[in-house]
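Below is the file target.cif, which contains mmCIF, C-alpha atoms.
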data_input
loop_
_atom_site.group_PDB
_atom_site.id
_atom_site.type_symbol
_atom_site.label_atom_id
_atom_site.label_comp_id
_atom_site.auth_asym_id
_atom_site.auth_seq_id
_atom_site.Cartn_x
_atom_site.Cartn_y
_atom_site.Cartn_z
ATOM 1 C CA MET A 34 94.325 100.385 54.468
ATOM 2 C CA ALA A 35 94.023 103.857 52.983
ATOM 3 C CA MET A 36 95.965 105.954 50.499
ATOM 4 C CA GLU A 37 98.372 108.345 52.131
ATOM 5 C CA GLY A 38 97.159 111.912 52.079
ATOM 6 C CA GLY A 39 100.385 113.408 53.381
ATOM 7 C CA ALA A 40 103.627 112.462 55.056
ATOM 8 C CA GLU A 41 103.245 111.545 58.697
ATOM 9 C CA SER A 42 106.932 111.584 59.606
ATOM 10 C CA ASN A 43 110.041 113.549 58.703
ATOM 11 C CA TYR A 44 111.814 110.550 57.274
ATOM 12 C CA ASN A 45 112.195 109.710 53.584
ATOM 13 C CA SER A 46 112.318 106.242 52.127
ATOM 14 C CA SER A 47 115.757 104.702 51.673
ATOM 15 C CA THR A 48 114.504 101.701 49.739
ATOM 16 C CA GLU A 49 117.077 100.687 47.128
ATOM 17 C CA SER A 50 115.177 97.952 45.382
ATOM 18 C CA GLN A 51 111.506 97.419 44.716
ATOM 19 C CA LEU A 52 110.022 94.321 46.288
ATOM 20 C CA GLU A 53 108.515 91.756 43.971
ATOM 21 C CA GLN A 54 104.757 91.314 44.083
ATOM 22 C CA SER A 55 103.576 89.145 46.999
ATOM 23 C CA SER A 56 107.128 88.178 47.942
ATOM 24 C CA PRO A 57 108.488 87.974 51.475
ATOM 25 C CA ARG A 58 111.135 90.486 52.477
ATOM 26 C CA LYS A 59 114.466 89.558 50.911
ATOM 27 C CA SER A 60 116.705 90.890 53.688
ATOM 28 C CA PRO A 61 114.783 90.855 56.950
ATOM 29 C CA PRO A 62 116.396 92.836 59.755
ATOM 30 C CA PRO A 63 117.808 90.874 62.678
ATOM 31 C CA PRO A 64 115.145 89.844 65.181
ATOM 32 C CA PRO A 65 115.140 91.411 68.654
ATOM 33 C CA SER A 66 115.313 87.984 70.335
ATOM 34 C CA GLN A 67 116.588 84.510 69.550
ATOM 35 C CA ASP A 68 113.318 82.726 70.359
ATOM 36 C CA HIS A 69 111.053 85.037 68.378
ATOM 37 C CA GLU A 70 109.975 82.338 65.940
ATOM 38 C CA GLU A 71 108.578 80.252 68.804
ATOM 39 C CA LYS A 72 106.118 82.881 70.041
ATOM 40 C CA ALA A 73 102.514 82.441 68.925
ATOM 41 C CA THR A 74 100.512 85.649 68.737
ATOM 42 C CA TYR A 75 98.262 87.617 66.379
ATOM 43 C CA VAL A 76 97.767 90.948 64.679
ATOM 44 C CA LYS A 77 94.537 92.701 63.686
ATOM 45 C CA PHE A 78 94.103 95.351 61.022
ATOM 46 C CA LEU A 79 91.440 97.005 58.886
ATOM 47 C CA LEU A 80 90.736 96.668 55.173
ATOM 48 C CA SER A 81 88.059 98.114 52.936
ATOM 49 C CA ASN A 82 85.603 95.703 51.349
ATOM 50 C CA ALA A 83 87.412 96.006 48.017
ATOM 51 C CA GLU A 84 90.767 95.258 49.628
ATOM 52 C CA ALA A 85 89.278 92.345 51.551
ATOM 53 C CA GLY A 86 87.884 90.926 48.323
ATOM 54 C CA SER A 87 91.327 91.128 46.743
ATOM 55 C CA ILE A 88 92.874 89.215 49.628
ATOM 56 C CA ILE A 89 90.176 86.527 49.585
ATOM 57 C CA GLY A 90 90.446 85.995 45.842
ATOM 58 C CA LYS A 91 88.146 84.041 43.572
ATOM 59 C CA GLY A 92 86.656 81.183 45.541
ATOM 60 C CA GLY A 93 89.076 81.916 48.371
ATOM 61 C CA SER A 94 92.083 81.058 46.212
ATOM 62 C CA THR A 95 94.291 83.982 47.283
ATOM 63 C CA ILE A 96 93.771 83.671 51.024
ATOM 64 C CA THR A 97 94.346 79.916 50.774
ATOM 65 C CA GLU A 98 97.609 80.514 48.924
ATOM 66 C CA PHE A 99 98.779 83.129 51.426
ATOM 67 C CA GLN A 100 98.035 80.818 54.351
ATOM 68 C CA SER A 101 99.896 77.984 52.689
ATOM 69 C CA ARG A 102 102.934 80.115 51.850
ATOM 70 C CA SER A 103 103.162 81.810 55.223
ATOM 71 C CA GLY A 104 102.007 79.131 57.646
ATOM 72 C CA ALA A 105 99.784 81.681 59.416
ATOM 73 C CA ARG A 106 96.003 81.645 59.777
ATOM 74 C CA ILE A 107 94.156 84.539 58.125
ATOM 75 C CA GLN A 108 90.591 85.361 59.219
ATOM 76 C CA LEU A 109 88.308 88.125 57.943
ATOM 77 C CA SER A 110 85.143 89.437 59.508
ATOM 78 C CA ARG A 111 81.996 89.096 57.430
ATOM 79 C CA ASN A 112 81.224 91.952 55.072
ATOM 80 C CA TYR A 113 78.694 93.483 57.465
ATOM 81 C CA GLU A 114 80.895 93.123 60.567
ATOM 82 C CA VAL A 115 82.875 96.342 60.611
ATOM 83 C CA PHE A 116 85.056 98.242 63.037
ATOM 84 C CA PRO A 117 82.970 100.850 64.923
ATOM 85 C CA GLY A 118 82.965 104.239 63.263
ATOM 86 C CA THR A 119 84.300 102.875 59.959
ATOM 87 C CA PRO A 120 82.969 100.905 56.964
ATOM 88 C CA ASP A 121 86.005 98.604 57.130
ATOM 89 C CA ARG A 122 86.315 94.915 57.887
ATOM 90 C CA ILE A 123 88.650 93.420 60.479
ATOM 91 C CA VAL A 124 91.395 90.977 59.542
ATOM 92 C CA MET A 125 93.189 88.801 62.075
ATOM 93 C CA VAL A 126 96.408 86.963 61.252
ATOM 94 C CA SER A 127 97.544 84.470 63.896
ATOM 95 C CA GLY A 128 100.400 82.031 64.329
ATOM 96 C CA PHE A 129 104.100 82.257 65.053
ATOM 97 C CA LEU A 130 105.655 85.693 64.745
ATOM 98 C CA ASP A 131 107.684 84.932 61.634
ATOM 99 C CA ASP A 132 104.681 83.338 59.916
ATOM 100 C CA ILE A 133 102.477 86.338 60.740
ATOM 101 C CA LEU A 134 105.037 88.719 59.257
ATOM 102 C CA LYS A 135 105.248 86.623 56.089
ATOM 103 C CA ALA A 136 101.453 86.700 55.728
ATOM 104 C CA VAL A 137 101.220 90.452 56.335
ATOM 105 C CA ASP A 138 104.014 90.983 53.801
ATOM 106 C CA LEU A 139 102.085 88.976 51.207
ATOM 107 C CA ILE A 140 98.881 90.910 51.933
ATOM 108 C CA LEU A 141 100.528 94.332 51.875
ATOM 109 C CA GLY A 142 102.489 93.525 48.734
ATOM 110 C CA LYS A 143 99.331 92.541 46.854
ATOM 111 C CA LEU A 144 97.420 95.617 48.025
ATOM 112 C CA MET A 145 100.299 97.936 47.133
ATOM 113 C CA ASP A 146 100.430 96.540 43.603
ATOM 114 C CA GLU A 147 96.673 96.525 43.038
ATOM 115 C CA PHE A 148 95.578 99.735 44.760
ATOM 116 C CA TYR A 149 98.531 102.082 45.180
ATOM 117 C CA ALA A 150 101.218 101.480 42.559
ATOM 118 C CA GLU A 151 101.261 103.911 39.634
ATOM 119 C CA ASP A 152 101.988 102.684 36.114
ATOM 120 C CA GLY A 153 105.571 103.425 35.221
ATOM 121 C CA GLY A 154 106.238 104.941 38.625
ATOM 122 C CA GLU A 155 109.862 104.910 39.699
ATOM 123 C CA VAL A 156 109.066 105.685 43.338
ATOM 124 C CA ASP A 157 107.823 102.977 45.671
ATOM 125 C CA PRO A 158 104.126 103.508 46.464
ATOM 126 C CA ARG A 159 103.186 104.619 49.967
ATOM 127 C CA SER A 160 100.008 103.844 51.864
ATOM 128 C CA LYS A 161 98.450 103.803 55.327
ATOM 129 C CA PHE A 162 98.009 100.527 57.157
ATOM 130 C CA ARG A 163 95.710 100.535 60.200
ATOM 131 C CA LEU A 164 96.451 98.132 63.027
ATOM 132 C CA VAL A 165 93.844 97.457 65.733
ATOM 133 C CA VAL A 166 95.462 97.427 69.176
ATOM 134 C CA PRO A 167 93.834 97.127 72.631
ATOM 135 C CA ASN A 168 93.924 100.400 74.498
ATOM 136 C CA SER A 169 95.694 98.696 77.405
ATOM 137 C CA SER A 170 98.565 97.676 75.116
ATOM 138 C CA CYS A 171 99.134 101.066 73.476
ATOM 139 C CA GLY A 172 101.231 102.297 76.397
ATOM 140 C CA GLY A 173 103.906 99.730 75.587
ATOM 141 C CA ILE A 174 104.122 100.996 72.010
ATOM 142 C CA ILE A 175 104.330 104.621 73.126
ATOM 143 C CA GLY A 176 106.893 104.061 75.881
ATOM 144 C CA LYS A 177 107.953 106.450 78.606
ATOM 145 C CA GLY A 178 107.767 109.971 77.269
ATOM 146 C CA GLY A 179 107.116 108.562 73.772
ATOM 147 C CA ALA A 180 110.590 107.015 73.633
ATOM 148 C CA THR A 181 109.514 103.651 72.206
ATOM 149 C CA ILE A 182 107.350 104.946 69.363
ATOM 150 C CA LYS A 183 110.029 107.491 68.492
ATOM 151 C CA SER A 184 112.622 104.727 68.230
ATOM 152 C CA PHE A 185 110.255 102.689 66.039
ATOM 153 C CA ILE A 186 109.809 105.661 63.691
ATOM 154 C CA GLU A 187 113.554 106.237 63.478
ATOM 155 C CA ASP A 188 114.295 102.554 62.885
ATOM 156 C CA SER A 189 111.589 101.900 60.293
ATOM 157 C CA ARG A 190 111.365 105.383 58.707
ATOM 158 C CA ALA A 191 107.596 104.873 58.682
ATOM 159 C CA GLY A 192 105.068 107.268 60.144
ATOM 160 C CA ILE A 193 103.338 105.828 63.211
ATOM 161 C CA LYS A 194 100.313 107.464 64.809
ATOM 162 C CA ILE A 195 98.070 106.146 67.579
ATOM 163 C CA SER A 196 94.472 107.364 67.639
ATOM 164 C CA PRO A 197 92.992 108.715 70.883
ATOM 165 C CA GLN A 198 90.490 106.604 72.796
ATOM 166 C CA ASP A 199 87.091 106.930 71.076
ATOM 167 C CA TYR A 200 84.392 107.445 73.699
ATOM 168 C CA ASN A 201 81.622 107.736 71.083
ATOM 169 C CA PHE A 202 81.262 103.958 71.085
ATOM 170 C CA PRO A 203 80.753 102.573 74.618
ATOM 171 C CA GLY A 204 82.398 99.200 75.049
ATOM 172 C CA LEU A 205 85.074 99.882 72.434
ATOM 173 C CA HIS A 206 88.450 99.191 74.015
ATOM 174 C CA ASP A 207 90.663 99.259 70.917
ATOM 175 C CA ARG A 208 92.576 102.040 69.205
ATOM 176 C CA ILE A 209 93.905 102.425 65.685
ATOM 177 C CA VAL A 210 97.662 102.492 65.094
ATOM 178 C CA THR A 211 98.279 103.922 61.615
ATOM 179 C CA VAL A 212 101.553 102.978 59.919
ATOM 180 C CA THR A 213 102.445 105.088 56.875
ATOM 181 C CA GLY A 214 105.175 104.407 54.356
ATOM 182 C CA THR A 215 106.455 102.116 51.644
ATOM 183 C CA LEU A 216 106.084 98.353 51.911
ATOM 184 C CA GLU A 217 109.542 97.947 53.401
ATOM 185 C CA GLU A 218 109.040 100.780 55.890
ATOM 186 C CA GLN A 219 105.649 99.478 56.949
ATOM 187 C CA MET A 220 106.868 95.919 57.388
ATOM 188 C CA ARG A 221 109.742 97.001 59.617
ATOM 189 C CA ALA A 222 107.399 99.139 61.734
ATOM 190 C CA ILE A 223 104.835 96.324 62.000
ATOM 191 C CA GLU A 224 107.578 93.924 63.035
ATOM 192 C CA LEU A 225 108.779 96.245 65.807
ATOM 193 C CA ILE A 226 105.227 96.854 67.023
ATOM 194 C CA LEU A 227 104.325 93.166 66.950
ATOM 195 C CA PHE A 228 107.417 92.137 68.912
ATOM 196 C CA LYS A 229 106.486 94.692 71.558
ATOM 197 C CA LEU A 230 102.862 93.518 71.706
ATOM 198 C CA ALA A 231 103.934 89.881 71.982
ATOM 199 C CA GLU A 232 105.636 90.778 75.272
ATOM 200 C CA ASP A 233 102.338 92.031 76.722
ATOM 201 C CA PRO A 234 100.363 89.214 78.428
ATOM 202 C CA HIS A 235 97.147 91.286 78.270
ATOM 203 C CA TYR A 236 97.432 91.573 74.492
ATOM 204 C CA MET A 237 96.857 87.851 74.022
ATOM 205 C CA GLN A 238 93.451 88.016 75.731
ATOM 206 C CA SER A 239 91.882 89.647 72.665
ATOM 207 C CA MET A 240 92.902 86.759 70.454
ATOM 208 C CA ASN A 241 89.913 84.707 71.595
ATOM 209 C CA ALA A 242 87.431 87.302 70.292
ATOM 210 C CA PRO A 243 88.742 88.385 66.888
ATOM 211 C CA PHE A 244 85.571 90.133 65.734
ATOM 212 C CA GLN A 245 83.783 91.203 68.902
ATOM 213 C CA TYR A 246 82.259 94.274 67.254
ATOM 214 C CA ALA A 247 78.641 93.170 66.852
ATOM 215 C CA ALA A 248 76.934 94.029 63.603
ATOM 216 C CA VAL A 249 73.813 96.143 64.021
ATOM 217 C CA TYR A 250 70.945 96.202 61.547
ATOM 218 C CA VAL A 251 68.302 98.823 62.018
ATOM 219 C CA GLY A 252 65.234 99.875 60.092
ATOM 220 C CA MET A 253 65.428 103.622 60.680
ATOM 221 C CA ASN A 254 61.799 104.453 59.880
ATOM 222 C CA TYR A 255 59.576 105.695 62.690
ATOM 223 C CA GLY A 256 55.779 105.332 62.928
ATOM 224 C CA TYR A 257 52.818 105.538 65.239
ATOM 225 C CA GLY A 258 52.299 102.879 67.865
ATOM 226 C CA PRO A 259 50.063 101.025 70.279
ATOM 227 C CA PRO A 260 49.690 101.443 74.040
ATOM 228 C CA ASN A 261 52.635 101.316 76.409
ATOM 229 C CA ARG A 262 53.940 97.744 76.580
ATOM 230 C CA VAL A 263 57.156 95.898 75.897
ATOM 231 C CA GLY A 264 55.735 92.787 74.315
ATOM 232 C CA GLY A 265 56.698 89.154 74.703
ATOM 233 C CA ARG A 266 59.360 86.772 73.567
ATOM 234 C CA TYR A 267 59.041 84.984 70.267
ATOM 235 C CA PRO A 268 61.715 82.317 69.621
ATOM 236 C CA ASN A 269 62.640 82.835 65.994
ATOM 237 C CA ASN A 270 63.215 79.364 64.630
ATOM 238 C CA ARG A 271 62.804 80.354 61.012
ATOM 239 C CA GLN A 272 64.938 83.447 61.450
ATOM 240 C CA GLN A 273 62.796 85.583 59.217
ATOM 241 C CA ASN A 274 64.032 89.001 58.116
ATOM 242 C CA LYS A 275 67.630 88.069 58.843
ATOM 243 C CA VAL A 276 70.228 90.067 56.941
ATOM 244 C CA ALA A 277 72.912 87.408 56.999
ATOM 245 C CA PRO A 278 73.113 83.897 58.400
ATOM 246 C CA PRO A 279 74.499 83.680 61.937
ATOM 247 C CA GLU A 280 77.637 81.729 62.693
ATOM 248 C CA VAL A 281 77.351 78.137 63.818
ATOM 249 C CA GLY A 282 76.260 78.022 67.430
ATOM 250 C CA ASP A 283 74.408 81.329 67.300
ATOM 251 C CA ASN A 284 70.824 81.539 68.521
ATOM 252 C CA SER A 285 68.089 83.935 67.499
ATOM 253 C CA MET A 286 65.147 85.417 69.381
ATOM 254 C CA THR A 287 62.530 87.987 68.431
ATOM 255 C CA ILE A 288 60.864 90.260 70.983
ATOM 256 C CA GLY A 289 58.155 92.851 70.484
ATOM 257 C CA VAL A 290 58.657 96.540 71.175
ATOM 258 C CA ALA A 291 55.856 99.103 70.979
ATOM 259 C CA ASP A 292 56.267 101.255 67.897
ATOM 260 C CA GLU A 293 56.318 104.419 69.981
ATOM 261 C CA HIS A 294 59.244 103.108 72.032
ATOM 262 C CA VAL A 295 61.482 102.068 69.157
ATOM 263 C CA GLY A 296 63.144 105.479 69.281
ATOM 264 C CA LEU A 297 64.276 104.751 72.848
ATOM 265 C CA VAL A 298 65.943 101.542 71.713
ATOM 266 C CA LEU A 299 67.569 103.218 68.729
ATOM 267 C CA GLY A 300 68.785 106.339 70.479
ATOM 268 C CA ARG A 301 70.011 109.460 68.749
ATOM 269 C CA ASN A 302 71.693 108.521 65.454
ATOM 270 C CA GLY A 303 71.442 104.871 66.507
ATOM 271 C CA ARG A 304 73.729 105.431 69.494
ATOM 272 C CA SER A 305 71.680 103.375 72.009
ATOM 273 C CA ILE A 306 71.312 100.286 69.855
ATOM 274 C CA ILE A 307 75.013 100.364 68.968
ATOM 275 C CA GLU A 308 75.864 100.536 72.660
ATOM 276 C CA ILE A 309 73.526 97.651 73.499
ATOM 277 C CA SER A 310 74.974 95.569 70.678
ATOM 278 C CA GLN A 311 78.583 96.213 71.613
ATOM 279 C CA LEU A 312 78.149 95.652 75.336
ATOM 280 C CA SER A 313 76.071 92.499 74.936
ATOM 281 C CA GLY A 314 77.871 91.030 71.937
ATOM 282 C CA ALA A 315 74.560 90.369 70.171
ATOM 283 C CA ARG A 316 73.464 91.421 66.692
ATOM 284 C CA ILE A 317 70.205 93.375 66.659
ATOM 285 C CA LYS A 318 67.729 94.051 63.868
ATOM 286 C CA ILE A 319 64.588 96.171 64.175
ATOM 287 C CA SER A 320 61.831 95.645 61.618
ATOM 288 C CA ASP A 321 60.658 98.487 59.398
ATOM 289 C CA ARG A 322 57.564 100.546 60.136
ATOM 290 C CA GLY A 323 54.406 98.488 59.644
ATOM 291 C CA ASP A 324 56.255 95.169 59.977
ATOM 292 C CA PHE A 325 54.696 93.896 63.206
ATOM 293 C CA LEU A 326 54.737 90.658 65.143
ATOM 294 C CA SER A 327 51.807 88.476 64.124
ATOM 295 C CA GLY A 328 48.675 89.391 66.058
ATOM 296 C CA THR A 329 50.212 92.453 67.681
ATOM 297 C CA SER A 330 51.081 96.048 66.900
ATOM 298 C CA ASP A 331 54.655 95.644 68.116
ATOM 299 C CA ARG A 332 57.712 96.066 65.958
ATOM 300 C CA LYS A 333 59.946 93.010 65.719
ATOM 301 C CA VAL A 334 63.368 93.209 67.368
ATOM 302 C CA THR A 335 65.486 90.216 66.398
ATOM 303 C CA ILE A 336 68.467 89.467 68.630
ATOM 304 C CA THR A 337 71.102 87.017 67.418
ATOM 305 C CA GLY A 338 74.116 85.629 69.260
ATOM 306 C CA SER A 339 74.960 83.411 72.188
ATOM 307 C CA GLN A 340 72.290 82.750 74.810
ATOM 308 C CA ARG A 341 74.144 85.012 77.213
ATOM 309 C CA ALA A 342 74.414 87.799 74.650
ATOM 310 C CA ILE A 343 70.689 87.536 73.857
ATOM 311 C CA ARG A 344 69.725 87.689 77.528
ATOM 312 C CA THR A 345 71.972 90.687 78.106
ATOM 313 C CA ALA A 346 70.651 92.570 75.079
ATOM 314 C CA GLU A 347 67.032 91.773 75.959
ATOM 315 C CA SER A 348 67.578 93.038 79.503
ATOM 316 C CA MET A 349 69.174 96.263 78.297
ATOM 317 C CA ILE A 350 66.332 96.882 75.846
ATOM 318 C CA SER A 351 63.751 96.303 78.580
ATOM 319 C CA GLN A 352 65.576 98.741 80.852
ATOM 320 C CA LYS A 353 65.516 101.396 78.142
ATOM 321 C CA ILE A 354 61.755 101.028 77.741
ATOM 322 C CA ALA A 355 61.149 100.839 81.502
ATOM 323 C CA THR A 356 62.366 104.414 81.888
ATOM 324 C CA VAL A 357 59.128 105.553 80.222
ATOM 325 C CA SER A 358 56.997 103.823 82.832
ATOM 326 C CA VAL A 359 59.032 105.363 85.647
ATOM 327 C CA ARG A 360 58.403 108.814 84.285
#
Spit out the file's structure as structure tokens when you get a sec.
Amino acid sequence: MAMEGGAESNYNSSTESQLEQSSPRKSPPPPPSQDHEEKATYVKFLLSNAEAGSIIGKGGSTITEFQSRSGARIQLSRNYEVFPGTPDRIVMVSGFLDDILKAVDLILGKLMDEFYAEDGGEVDPRSKFRLVVPNSSCGGIIGKGGATIKSFIEDSRAGIKISPQDYNFPGLHDRIVTVTGTLEEQMRAIELILFKLAEDPHYMQSMNAPFQYAAVYVGMNYGYGPPNRVGGRYPNNRQQNKVAPPEVGDNSMTIGVADEHVGLVLGRNGRSIIEISQLSGARIKISDRGDFLSGTSDRKVTITGSQRAIRTAESMISQKIATVSVR
């Protein structure tokens, strides 16, 4: 969620009454279908660390309350698991459509009051809310010739913009849908978008991997190195040098990479290691200069994730290094 820098649509708010803090909408618009409350689905969106902390609350009290009041499940990525190209965490709200909308309303209402409302302001605060939508599902929101998104803008009076596909991050198949407006305008737009997404069978496939954007930890220092070799496997039972504990079921393995070849693994501006991490689903950490595997002159590369993710990442790293031998 981000503060609005400028109007994104030609429509002005027609809100006649200010919503109470953390309260569900008082007069929800009629649903598009009679069985909408029976459909289970999800919605993903981005929040800054500060906003995420506000939603979690002290000891998890706020998120527990919101889940209880809405009936939806609210999950947040860990503070180092961010959406590619941003410093922001991913939130997934899942459940029945009505319950999801209640939870999002509670979340948006709290954020509006804490981060965007001005003291004594008579005008409803406006903000930007960033939904994460699979690229394959964006066509349904846009519609033929942009007809669907135009109707959503006219109905909700919110600004709605869909980001272009970002090819800077290989393996990223999601786009950002930014909804701009007051709380009421945003909620109506989110409702329209969510009903449309719930009709897309491909949309539900992403529900099983809420935070598939692997976190990457890299020591960016470069140094001198030993002869040309990849190094061996070192199962990392103690998980030394870890930045954060892995989730239950995760495994960890450390391999050695010659100091002079670390740059190949990293790539320009870290591009290669980000690609490896995203395509494999593993988290990768490279030790700092001078931090070698015991008895070797190899830098430590710790790979964490499922066994399959570790094998994939290890293979990709080996392929990167093998290009030197071929030359």
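Listed by chain and then by number, the residues chosen by the PyMOL selection byres ((chain A and resi 95) around 12) in this file are Ser55, Ala85, Gly86, Ser87, Ile88, Ile89, Gly90, Lys91, Gly92, Gly93, Ser94, Ile96, Thr97, Glu98, Phe99, Gln100, Ser101, Arg102, Ile107, Ala136, Leu139, Ile140 and Lys143 of chain A.
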The PyMOL selection byres ((chain A and resi 181-190) around 10) resolved against shown file, as a PyMOL selection string: chain A and resi 42-47+171-180+191-195+212-215+217-226+229
Residue members of the PyMOL selection byres ((chain A and resi 130) around 7) in the file shown, as a ChimeraX atom specification: /A:69-70,72-74,128-129,131-134
Two-atom distance - atom CA of Leu230 of chain A, atom CA of Pro158 of chain A (Å):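 Result for atom CA of Leu230 of chain A versus atom CA of Pro158 of chain A: 27.2 Å, one decimal.
Taking atom CA of Pro234 of chain A and atom CA of His206 of chain A as the two end points, the separation is 16.2 Å.
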Selected residue of minimal separation from Gln311 of chain A among A:Arg163, A:Asn82, A:Met145, A:Val115, counting only C-alpha atoms: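 Using only C-alpha atoms, Gln311 of chain A sits closest to A:Val115.
Across the structure, atom CA of Glu308 of chain A and atom CA of Val76 of chain A are spaced 25.2 Å apart.
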Surrounding residues of Leu164 of chain A excluding itself and chain neighbours under 3 positions, 8 Å, all atoms listed in the file, as a ChimeraX atom specification: /A:76-79,209-212
Set up a box along x, y and z of the file covering all listed atoms of segment 214-221 of chain A, add 3 Å on every one of the six sides, and write the centre and edge lengths in Å to one decimal, as JSON.
{"center_x": 107.5, "center_y": 100.2, "center_z": 55.6, "size_x": 10.6, "size_y": 14.5, "size_z": 14.0}
Segment 340-347 of chain A surroundings by only C-alpha atoms, 8 Å radius, close-in-sequence under 2 positions cut, as a JSON list (two decimals) with C-alpha atoms, in the coordinates of the input:
[["chain", "number", "residue", "atom", "x", "y", "z"],
["A", 283, "ASP", "CA", 74.41, 81.33, 67.30],
["A", 284, "ASN", "CA", 70.82, 81.54, 68.52],
["A", 285, "SER", "CA", 68.09, 83.94, 67.50],
["A", 286, "MET", "CA", 65.15, 85.42, 69.38],
["A", 309, "ILE", "CA", 73.53, 97.65, 73.50],
["A", 310, "SER", "CA", 74.97, 95.57, 70.68],
["A", 313, "SER", "CA", 76.07, 92.50, 74.94],
["A", 314, "GLY", "CA", 77.87, 91.03, 71.94],
["A", 315, "ALA", "CA", 74.56, 90.37, 70.17],
["A", 336, "ILE", "CA", 68.47, 89.47, 68.63],
["A", 337, "THR", "CA", 71.10, 87.02, 67.42],
["A", 338, "GLY", "CA", 74.12, 85.63, 69.26],
["A", 349, "MET", "CA", 69.17, 96.26, 78.30],
["A", 350, "ILE", "CA", 66.33, 96.88, 75.85],
["A", 351, "SER", "CA", 63.75, 96.30, 78.58]]
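Considering the residues A:Asp331, A:Asp157, A:Glu114, A:Asp207 and counting all atoms listed in the file, Glu293 of chain A has its shortest atom-to-atom contact with A:Asp331.
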